[in-house]
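This is target05.txt (compact mmCIF, C-alpha atoms).
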```txt
# COMPACT_ATOMS: atom_id res chain seq x y z
CA MET A 109 16.42 75.44 46.66
CA ALA A 110 18.10 77.36 43.85
CA PHE A 111 18.58 81.10 44.14
CA ILE A 112 20.43 83.98 42.51
CA ARG A 113 23.35 85.55 44.33
CA PRO A 114 26.38 87.75 43.58
CA TYR A 115 29.42 86.17 41.97
CA LYS A 116 32.20 85.09 44.34
CA ASP A 117 35.85 84.35 43.58
CA SER A 118 35.19 80.72 44.46
CA ASP A 119 32.83 80.53 41.43
CA PHE A 120 35.74 80.96 39.00
CA ASP A 121 35.99 77.32 37.90
CA ALA A 122 32.24 76.70 37.93
CA CYS A 123 31.63 79.70 35.67
CA ALA A 124 34.34 78.52 33.28
CA HIS A 125 32.60 75.13 33.17
CA ILE A 126 29.23 76.76 32.42
CA CYS A 127 30.77 78.77 29.60
CA ILE A 128 32.38 75.70 28.02
CA GLU A 129 29.29 73.50 28.40
CA THR A 130 27.07 76.02 26.59
CA LEU A 131 29.31 76.95 23.64
CA PRO A 132 27.95 76.98 20.08
CA PRO A 133 29.17 74.22 17.73
CA THR A 134 32.11 76.02 16.08
CA LEU A 135 33.64 76.76 19.49
CA ALA A 136 32.83 73.39 21.00
CA ALA A 137 34.44 71.65 17.99
CA SER A 138 37.92 72.67 19.13
CA SER A 139 39.01 71.67 22.61
CA ALA A 140 41.70 74.37 22.54
CA ALA A 141 39.16 77.07 21.61
CA ALA A 142 36.71 75.78 24.20
CA GLU A 143 39.30 76.03 26.97
CA LEU A 144 40.13 79.60 25.92
CA SER A 145 36.50 80.74 25.74
CA PRO A 146 36.04 81.66 29.42
CA TYR A 147 39.06 83.97 29.13
CA VAL A 148 37.14 85.98 26.52
CA TRP A 149 33.52 85.85 27.65
CA THR A 150 33.56 85.07 31.38
CA HIS A 151 36.66 85.84 33.41
CA PRO A 152 37.19 89.43 32.22
CA TYR A 153 33.81 90.47 33.62
CA THR A 154 33.94 88.56 36.87
CA PHE A 155 37.40 89.99 37.55
CA LEU A 156 36.90 93.61 36.51
CA SER A 157 33.19 94.11 37.25
CA PRO A 158 32.14 91.59 39.94
CA SER A 159 29.36 93.85 41.25
CA THR A 160 27.46 93.34 37.97
CA CYS A 161 28.02 89.58 37.84
CA HIS A 162 25.38 87.22 39.21
CA VAL A 163 25.13 83.45 39.41
CA LEU A 164 22.37 80.92 39.81
CA ASP A 165 23.24 78.80 42.84
CA ASP A 166 21.75 75.29 42.85
CA GLY A 167 21.23 75.54 46.61
CA THR A 168 24.44 73.75 47.53
CA GLY A 169 26.83 76.60 46.75
CA LYS A 170 27.49 75.48 43.17
CA ALA A 171 26.97 77.95 40.32
CA VAL A 172 24.90 76.42 37.51
CA GLY A 173 24.23 79.57 35.52
CA TYR A 174 25.25 83.20 35.33
CA CYS A 175 24.52 86.62 33.92
CA ILE A 176 27.72 88.63 33.90
CA GLY A 177 28.82 91.86 32.29
CA CYS A 178 29.73 95.47 32.86
CA PRO A 179 27.87 98.80 32.91
CA ASP A 180 30.24 100.65 30.57
CA VAL A 181 32.47 98.88 28.07
CA HIS A 182 34.60 102.00 27.69
CA ALA A 183 35.45 102.17 31.39
CA PHE A 184 35.92 98.40 31.33
CA ALA A 185 38.40 98.63 28.45
CA ALA A 186 40.39 101.31 30.27
CA GLN A 187 41.26 98.83 33.02
CA TYR A 188 41.60 95.72 30.84
CA GLU A 189 45.39 95.60 31.19
CA ARG A 190 44.88 94.69 34.83
CA TYR A 191 42.90 91.63 33.76
CA ILE A 192 45.66 90.68 31.32
CA SER A 193 48.41 90.88 33.91
CA ASP A 194 46.55 89.26 36.81
CA VAL A 195 44.40 86.60 35.14
CA LEU A 196 45.04 86.13 31.43
CA ALA A 197 48.83 86.16 31.12
CA PRO A 198 49.44 83.51 33.81
CA ALA A 199 47.07 81.12 32.02
CA VAL A 200 47.23 81.91 28.28
CA THR A 201 50.36 82.51 26.20
CA ARG A 202 50.31 85.90 24.52
CA PRO A 203 50.03 85.47 20.73
CA SER A 204 51.44 87.85 18.15
CA LEU A 205 48.96 90.59 17.26
CA ASP A 206 50.86 91.72 14.16
CA ILE A 207 48.60 89.79 11.79
CA ARG A 208 45.04 88.94 12.67
CA ALA A 209 44.43 85.23 12.38
CA PRO A 210 41.28 83.99 10.58
CA TRP A 211 38.42 83.47 13.01
CA VAL A 212 37.28 80.18 11.47
CA ILE A 213 39.33 77.25 10.23
CA VAL A 214 38.28 74.03 8.51
CA SER A 215 39.74 70.65 9.37
CA GLY A 216 39.74 67.70 7.01
CA LYS A 217 40.84 67.45 3.39
CA ASP A 218 39.78 66.07 0.05
CA ASP A 219 36.83 63.69 0.34
CA ARG A 220 37.03 63.32 4.12
CA ALA A 221 34.47 64.92 6.39
CA THR A 222 35.32 68.50 7.30
CA THR A 223 34.67 70.36 10.52
CA THR A 224 34.37 74.13 10.81
CA MET A 225 35.72 75.47 14.06
CA VAL A 226 36.89 78.66 15.69
CA ASN A 227 40.63 79.20 15.39
CA PRO A 228 42.24 79.06 18.88
CA ILE A 229 44.91 81.55 17.79
CA ALA A 230 42.24 84.08 16.79
CA LEU A 231 40.51 83.52 20.12
CA ALA A 232 43.72 84.10 22.07
CA GLN A 233 44.34 87.27 20.07
CA THR A 234 40.86 88.47 20.95
CA ALA A 235 41.45 87.77 24.64
CA TYR A 236 44.57 89.96 24.55
CA CYS A 237 43.10 92.78 22.45
CA VAL A 238 40.13 94.42 24.14
CA ASP A 239 39.45 96.64 21.12
CA TRP A 240 38.93 93.56 18.94
CA MET A 241 36.85 91.94 21.65
CA LEU A 242 34.50 94.84 22.34
CA PHE A 243 34.62 97.53 19.68
CA ASP A 244 35.53 96.01 16.33
CA ASN A 245 32.97 97.44 13.83
CA LYS A 246 30.64 98.26 16.75
CA GLU A 247 31.69 101.79 17.70
CA ALA A 248 28.29 103.31 16.96
CA VAL A 249 26.53 100.64 19.04
CA THR A 250 28.86 100.82 22.04
CA GLN A 251 28.64 104.59 22.21
CA ARG A 252 24.86 104.46 22.67
CA TRP A 253 24.31 101.18 24.54
CA ARG A 254 27.41 101.05 26.71
CA ALA A 255 26.60 98.11 28.98
CA THR A 256 27.05 94.52 27.85
CA MET A 257 26.37 91.08 29.30
CA HIS A 258 26.69 87.34 28.77
CA ILE A 259 24.18 84.84 30.11
CA ASP A 260 24.52 81.06 30.19
CA LEU A 261 22.82 78.28 32.13
CA LEU A 262 23.65 74.60 32.16
CA PRO A 263 21.10 72.72 30.00
CA GLU A 264 19.22 71.16 32.92
CA TRP A 265 18.56 74.64 34.36
CA GLN A 266 17.22 76.18 31.17
CA GLY A 267 13.55 76.79 30.47
CA GLN A 268 12.60 77.41 34.11
CA GLY A 269 12.48 81.19 34.13
CA TRP A 270 15.93 81.70 35.60
CA GLY A 271 17.26 83.46 32.51
CA ARG A 272 14.80 86.34 32.81
CA LYS A 273 15.46 86.62 36.54
CA LEU A 274 19.22 86.71 36.02
CA ILE A 275 18.91 89.44 33.40
CA ASP A 276 16.64 91.46 35.69
CA ARG A 277 19.26 91.20 38.42
CA PHE A 278 21.98 92.32 36.02
CA VAL A 279 19.94 95.30 34.83
CA ALA A 280 19.26 96.39 38.41
CA SER A 281 22.99 96.24 39.19
CA VAL A 282 23.78 98.33 36.11
CA GLN A 283 21.22 100.93 37.16
CA SER A 284 22.72 101.18 40.63
CA SER A 285 26.36 101.12 39.46
CA GLY A 286 26.75 104.86 39.13
CA GLU A 287 28.45 104.36 35.77
CA ASN A 288 27.50 105.76 32.38
CA TYR A 289 25.59 103.00 30.65
CA GLY A 290 24.20 105.31 27.96
CA GLU A 291 20.87 104.14 26.59
CA GLY A 292 21.25 100.60 27.91
CA GLU A 293 23.00 97.38 26.94
CA HIS A 294 24.08 95.57 23.81
CA ILE A 295 24.82 91.91 23.13
CA GLY A 296 26.09 89.89 20.21
CA VAL A 297 24.52 86.59 19.19
CA ALA A 298 26.47 84.22 16.95
CA GLY A 299 24.62 83.52 13.73
CA GLU A 300 24.78 79.79 14.44
CA ASN A 301 22.99 80.42 17.74
CA SER A 302 20.11 82.47 16.32
CA LYS A 303 17.59 80.18 18.04
CA VAL A 304 18.05 82.28 21.21
CA VAL A 305 16.91 85.53 19.56
CA PRO A 306 13.20 85.01 20.44
CA PHE A 307 14.16 84.63 24.12
CA TYR A 308 16.05 87.91 24.11
CA GLU A 309 13.16 89.63 22.34
CA LYS A 310 10.81 88.44 25.08
CA VAL A 311 12.98 90.07 27.74
CA GLY A 312 13.16 93.43 26.00
CA PHE A 313 15.95 93.22 23.42
CA ARG A 314 15.58 94.15 19.78
CA VAL A 315 17.72 93.38 16.73
CA ILE A 316 19.64 96.23 15.12
CA GLU A 317 21.47 96.29 11.81
CA GLY A 318 25.20 95.76 11.51
CA GLY A 319 26.02 92.37 12.93
CA GLU A 320 25.15 90.53 9.76
CA SER A 321 28.35 91.86 8.17
CA GLU A 322 30.34 89.54 10.44
CA GLY A 323 27.85 86.68 10.60
CA SER A 324 26.37 87.65 13.96
CA ILE A 325 23.25 89.32 15.32
CA TRP A 326 23.45 92.53 17.34
CA MET A 327 20.73 93.22 19.86
CA VAL A 328 20.12 96.12 22.24
CA ARG A 329 17.92 96.77 25.24
CA ASP A 330 17.12 100.21 26.59
CA ILE A 331 17.66 100.63 30.34
CA GLY A 332 15.99 103.51 32.11
CA ARG A 333 17.37 105.39 35.06
CA ALA A 334 16.49 103.88 38.44
```
Can the structure from this file be put into structure tokens for me?
Amino acid sequence: MAFIRPYKDSDFDACAHICIETLPPTLAASSAAAELSPYVWTHPYTFLSPSTCHVLDDGTGKAVGYCIGCPDVHAFAAQYERYISDVLAPAVTRPSLDIRAPWVIVSGKDDRATTTMVNPIALAQTAYCVDWMLFDNKEAVTQRWRATMHIDLLPEWQGQGWGRKLIDRFVASVQSSGENYGEGEHIGVAGENSKVVPFYEKVGFRVIEGGESEGSIWMVRDIGRA
């Protein structure tokens, strides 16, 4: 029987697989970007804030979903260099950060079919620059709603109520963390993945202005004190 449990180091590969299998189209379109994605949205949190990372176990020890994050992105950023040295640098070549690469590239020319995809170089830059990853154009949001999270479940485990339960577990761990989470948590939803917004609204999030400037949707959820 499936159940929710804390993240373990042995879940590293399974969580990377979950991240890759649930990517939106522009990330999934590039195998290089897909392979880099867990180093931006999964591994930093499981390494630096494991106490606020939770997985859905299918009952055999295999993680098939997760809700991971941190209580305070500012405290998280202060220790990000440790993630770079211990996890990121051994796996991903450090790109130049002198010039910011375009986030999206288009493959195909002339009358041939074109594909829009996330630029792997831009993704690698983001993985190495925590300010770009967490705070770029979001300073006002991150000062008020200091916690953040990412939730993904393999397709066959979606629509069964596990998402809400995972988020509830994450919120409880934030409340008991002893860290300054401000008014609650914030998340970013890619514009191409806007279909998930109604789900987040059902579990207490609301849309705020600002994300549309970069083609995304910003949402926040207030978290009271336990």
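Closest to His294 (chain A) among A:Lys310, A:His182, A:Lys273, A:Arg252 is A:Arg252, based on all atoms listed in the file.
Residues within 10 Å of region 197-199 of chain A, counting only C-alpha atoms and excluding same-chain residues fewer than 3 positions away, are Leu144, Tyr147, Tyr191, Ile192, Ser193, Asp194, Arg202, Ala235 and Tyr236 of chain A.
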What lies within 10 Å of Ser138 (chain A) using all atoms listed in the file, ignoring chain neighbours under 2 positions off, as a ChimeraX atom specification? /A:133-136,140-144,223-228
I'd like to know which of A:Leu274, A:Arg190, A:Thr160, A:His258 is closest to Val297 (chain A), using all atoms listed in the file. A:His258
Contacts of Thr168 (chain A) within 9 Å, only C-alpha atoms, excl. fewer than 3 positions in-chain, as a list of chain:residue names: A:Met109, A:Ala110, A:Asp165, A:Ala171
Up to 10 Å from (39.9, 99.0, 26.7) in the file's coordinates: name the residues, counting only C-alpha atoms, as a list in words. Val181, His182, Ala183, Phe184, Ala185, Ala186, Gln187, Tyr188, Glu189, Cys237, Val238, Asp239, Trp240, Met241, Leu242 and Phe243 of chain A
Record the distance separating CA of Ile295 (chain A) and CA of Gly169 (chain A), expressed in Å with one decimal.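 So the two atoms, CA of Ile295 (chain A) and CA of Gly169 (chain A), lie 28.2 Å apart.
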Have a look at A:His125, A:His162, A:Arg329, A:Arg277 and name the one nearest to Thr256 (chain A); count all atoms listed in the file.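 For Thr256 (chain A), the nearest of the candidates is A:Arg329.
Candidate residues A:Trp265, A:Trp253, A:Phe111, A:Tyr153 were compared for distance to Thr130 (chain A), and the nearest is A:Trp265, using all atoms listed in the file.
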Suppose you want the space between CA of Pro179 (chain A) and CA of Arg254 (chain A); what is it in Å?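 CA of Pro179 (chain A) sits 6.6 Å away from CA of Arg254 (chain A).
Rounded to one decimal, CA of Val172 (chain A) and CA of Val305 (chain A) lie 21.7 Å from each other.
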One residue among A:Val163, A:Pro146, A:Glu317, A:Glu293 is nearest to Ile331 (chain A) when using only C-alpha atoms, and that residue is A:Glu293
May I have the centre and edge lengths, in Å to one decimal, of an axis-aligned box around the listed atoms of region 229-248 of chain A with 6 Å added to every side, as JSON?
```
{"center_x": 36.6, "center_y": 92.4, "center_z": 19.2, "size_x": 28.6, "size_y": 33.8, "size_z": 22.8}
```
Could you give me, as a list of chain:residue names, the residues within 9 Å of Lys246 (chain A), counting only C-alpha atoms and dropping anything in the same chain fewer than 4 positions from it?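 Selected residues are A:Leu242, A:Thr250, A:Gln251, A:Gly318, A:Gly319.
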